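Enquirer: First the structure, which I've put down as structure tokens, then a few questions once you've had a look.
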Amino acid sequence: HHLIDLGVGPEVIVAVCLERSVELILSLLAILKAGGAYLPVDPSWPPERLQTVFSLSQSKLVVGNLSNSHNADARKVLARVVMADLHELTEDCVINPQRAIPHTTAYVLFTSGSTGMPKGVPIDHQALANRLAGLQAVLPLQPGSTVLGLTSAVFDISVVELIMPLACGARIVLADEQQRRDPDAIQALLSAHSITLLQATPSALQGLVDSAGHNRSNLTILAGGEALATNLAQQLCQMGSIVWNGYGPTEATIYSSLARIQRDEHISIGRPIANTSLHILDPAGQFCPIGIPGELH
């Protein structure tokens, strides 16, 4: 409601520059419920990248906490901070805002810019809702489930950890910046909080396998962001985990396809999910016959 009072609504982009915290999740949800679009930025980014992203996105507002920022240069860039302390918002309101419009933007993510100027990718509310519903239909996520949040909000798969659990009544355990980079700390969180769903890149999962001390028969693992190696998948299966391989470009909203990986099975990206179609086309844009290599669309 505070954001709505500040003018947030359809196609208004709000930058979120917060450390990993409850306030981060609260802010993302508030922006979505206000009908706006969130733009996650990392407080540790160099000021040049912060300035570039703010300029390209034309974000109207910034949600952040300057007093907690460890980056002095970033504090200089964040000249227009809307809420320095979210705890100052004491007014309660029980009215649920009905602001989101399906075909308006829900979030904007920027590419690394390693091949040139960073590119902003907008995803709309309808695409986000469709993808979350599709993932919930496949993954065992329900009230009583617990998801471990490891991924930085600047990557699209973070939505699976920070937004999807709230959409189905599940619980989020948010690893802090140190914990999410430490395989032993992640193992401790898995045990202490009875985590049921873990999403991570294969490289992070390899670190977990190397440090694992016992089976994870109650754990569903969703691997994404990188190619899943056969030997790693087999190790995860042998530990007793249910393993899924996810694939999809940011532009197609998080994951476009999923594959349940069984022991001694060829690794694939699986089948399309949630109103998505995959096509293998030749250079002329025509369908390739079965067995003929082509480009994935």
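Residues in the structure tokens are numbered from 1 in each chain, the chains being A, B, ... in the order shown, and ligands are numbered from 1 in the order shown.
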Residues within 9 Å of Lys33 of chain A, please, as JSON, numbers by chain. Count only C-alpha atoms; anything in the same chain fewer than 6 positions from it doesn't count.
Expert: {"A": [1, 96, 97, 98, 99, 100]}
Enquirer: Write out as JSON, numbers by chain the residues lying within 12 Å of Asp176 of chain A, counting only C-alpha atoms and excluding same-chain residues fewer than 6 positions away.
Expert: {"A": [19, 20, 21, 22, 24, 148, 149, 150, 151, 152, 182, 185, 186, 189]}
Enquirer: So, counting only C-alpha atoms, which residue among A:Ile195, A:Leu139, A:Leu208, A:Val173 is closest to Arg260 of chain A?
Expert: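 For Arg260 of chain A, the nearest of the given residues is A:Leu139.
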Enquirer: Excluding same-chain residues fewer than 5 positions from Trp244 of chain A, what lies within 8 Å of it counting only C-alpha atoms, as a PDB file with N, CA and C atoms, in the first residue's frame?
Expert:
ATOM      1  N   THR A 220      13.981 -33.332  -2.717  1.00  0.00           N
ATOM      2  CA  THR A 220      13.855 -33.170  -4.162  1.00  0.00           C
ATOM      3  C   THR A 220      14.843 -32.103  -4.598  1.00  0.00           C
ATOM      4  N   ILE A 221      15.659 -32.429  -5.601  1.00  0.00           N
ATOM      5  CA  ILE A 221      16.684 -31.517  -6.094  1.00  0.00           C
ATOM      6  C   ILE A 221      16.320 -31.067  -7.507  1.00  0.00           C
ATOM      7  N   LEU A 222      16.337 -29.765  -7.728  1.00  0.00           N
ATOM      8  CA  LEU A 222      16.106 -29.191  -9.049  1.00  0.00           C
ATOM      9  C   LEU A 222      17.404 -28.537  -9.500  1.00  0.00           C
ATOM     10  N   ALA A 223      18.030 -29.137 -10.514  1.00  0.00           N
ATOM     11  CA  ALA A 223      19.291 -28.619 -11.049  1.00  0.00           C
ATOM     12  C   ALA A 223      18.988 -27.703 -12.228  1.00  0.00           C
ATOM     13  N   LEU A 258      11.444 -29.677 -18.148  1.00  0.00           N
ATOM     14  CA  LEU A 258      11.937 -30.421 -16.995  1.00  0.00           C
ATOM     15  C   LEU A 258      12.087 -31.889 -17.360  1.00  0.00           C
ATOM     16  N   ALA A 259      13.070 -32.539 -16.745  1.00  0.00           N
ATOM     17  CA  ALA A 259      13.257 -33.978 -16.911  1.00  0.00           C
ATOM     18  C   ALA A 259      13.497 -34.600 -15.547  1.00  0.00           C
ATOM     19  N   ARG A 260      12.734 -35.640 -15.199  1.00  0.00           N
ATOM     20  CA  ARG A 260      13.004 -36.414 -13.984  1.00  0.00           C
ATOM     21  C   ARG A 260      14.147 -37.380 -14.314  1.00  0.00           C
ATOM     22  N   ILE A 261      15.234 -37.293 -13.582  1.00  0.00           N
ATOM     23  CA  ILE A 261      16.420 -38.087 -13.860  1.00  0.00           C
ATOM     24  C   ILE A 261      16.407 -39.345 -12.995  1.00  0.00           C
TER      25      ILE A 261
END
Enquirer: Would you pick out the contacts of Ala153 of chain A at 10 Å or less, using only C-alpha atoms, so that residues sharing its chain but fewer than 4 positions from it are not included, and give the list as a PyMOL selection string?
Expert: chain A and resi 16-20+24-25+28+39-42+109+149+157-159+161-162
Enquirer: Find the residues near Pro293 of chain A: any atom within 8 Å, counting only C-alpha atoms, skip ones fewer than 5 places away on the same chain, and give them as a list of chain:residue names.
Expert: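 The contact residues come out as A:Ile280, A:Asp282, A:Cys288.
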Enquirer: So which residues touch Ser241 of chain A within 7 Å, counting only C-alpha atoms, skipping near sequence neighbours fewer than 2 positions away, as a VMD selection string?
Expert: chain A and resid 216 to 221 236 to 237 239 243
Enquirer: Could you check which of A:Ala252, A:Ile4, A:Cys93, A:Ile242 is closest to Thr276 of chain A, using only C-alpha atoms?
Expert: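 Distance minimum relative to Thr276 of chain A lands on A:Ala252.
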Enquirer: Segment 182-267 of chain A: which residues are alpha helix (DSSP H) by DSSP, as a PyMOL selection string?
Expert: chain A and resi 183-192+202-211+230-238
Enquirer: Which residues come within 9 Å of Leu56 of chain A, counting only C-alpha atoms, excluding same-chain residues fewer than 2 positions away, as a ChimeraX atom specification?
Expert: /A:51-54,58-59,118-120
Enquirer: Selection from above, N, CA, C and O atoms, as a CSV table (one decimal), in the first residue's frame, can you write it?
Expert:
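See out.csv below for the written result:
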chain,number,residue,atom,x,y,z
A,51,GLN,N,24.7,2.1,-12.0
A,51,GLN,CA,24.3,3.3,-12.8
A,51,GLN,C,23.7,2.9,-14.1
A,51,GLN,O,22.7,3.4,-14.6
A,52,THR,N,24.4,1.9,-14.8
A,52,THR,CA,24.0,1.5,-16.1
A,52,THR,C,22.6,0.8,-16.1
A,52,THR,O,21.7,1.1,-16.9
A,53,VAL,N,22.4,-0.1,-15.1
A,53,VAL,CA,21.2,-0.8,-15.0
A,53,VAL,C,20.0,0.2,-14.6
A,53,VAL,O,18.9,0.1,-15.2
A,54,PHE,N,20.3,1.1,-13.7
A,54,PHE,CA,19.2,2.1,-13.4
A,54,PHE,C,18.9,2.9,-14.6
A,54,PHE,O,17.7,3.2,-14.8
A,58,GLN,N,15.2,2.6,-16.5
A,58,GLN,CA,14.4,3.8,-16.2
A,58,GLN,C,13.5,3.5,-15.0
A,58,GLN,O,12.3,3.9,-14.9
A,59,SER,N,14.1,2.9,-14.0
A,59,SER,CA,13.4,2.6,-12.8
A,59,SER,C,13.0,3.9,-12.1
A,59,SER,O,13.7,4.8,-12.0
A,118,PRO,N,24.7,-4.6,-21.2
A,118,PRO,CA,23.7,-5.4,-20.5
A,118,PRO,C,22.3,-5.2,-21.1
A,118,PRO,O,21.9,-4.1,-21.5
A,119,LYS,N,21.6,-6.3,-21.2
A,119,LYS,CA,20.2,-6.3,-21.8
A,119,LYS,C,19.2,-6.6,-20.7
A,119,LYS,O,19.3,-7.6,-20.0
A,120,GLY,N,18.2,-5.8,-20.6
A,120,GLY,CA,17.1,-6.0,-19.7
A,120,GLY,C,16.0,-6.9,-20.3
A,120,GLY,O,15.6,-6.8,-21.4
Enquirer: Kindly give the distance, in Å, that separates atom CA of Arg263 of chain A and atom CA of Asn245 of chain A, rounded to a single decimal.
Expert: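 Atom CA of Asn245 of chain A lies at a distance of 13.1 Å from atom CA of Arg263 of chain A.
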Enquirer: Assign secondary structure with DSSP using the backbone only, and return the residues of segment 79-250 of chain A in strand (DSSP E or B) as a PyMOL selection string.
Expert: chain A and resi 81+105-110+120-124+146-149+171-174+197-200+220-223+242-247
Enquirer: Please determine, counting only C-alpha atoms, which residue among A:Arg171, A:His193, A:His2, A:His103 has the shortest atom-to-atom distance to Ala129 of chain A.
Expert: A:His103
Enquirer: So, with only C-alpha atoms as the atoms that count, which of A:Ile101, A:Leu228, A:Leu197, A:Ala15 lies closest to Gln126 of chain A?
Expert: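 Looking at the shortest contact to Gln126 of chain A, the residue is A:Ile101.
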Enquirer: Any idea what the distance is between atom CA of Leu296 of chain A and atom CA of Ser277 of chain A?
Expert: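 It comes out at 10.3 Å.
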Enquirer: Work out how far atom CA of Thr105 of chain A is from atom CA of Ala170 of chain A, in Å to one decimal.
Expert: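 Computing it gives 24.9 Å between the two atoms.
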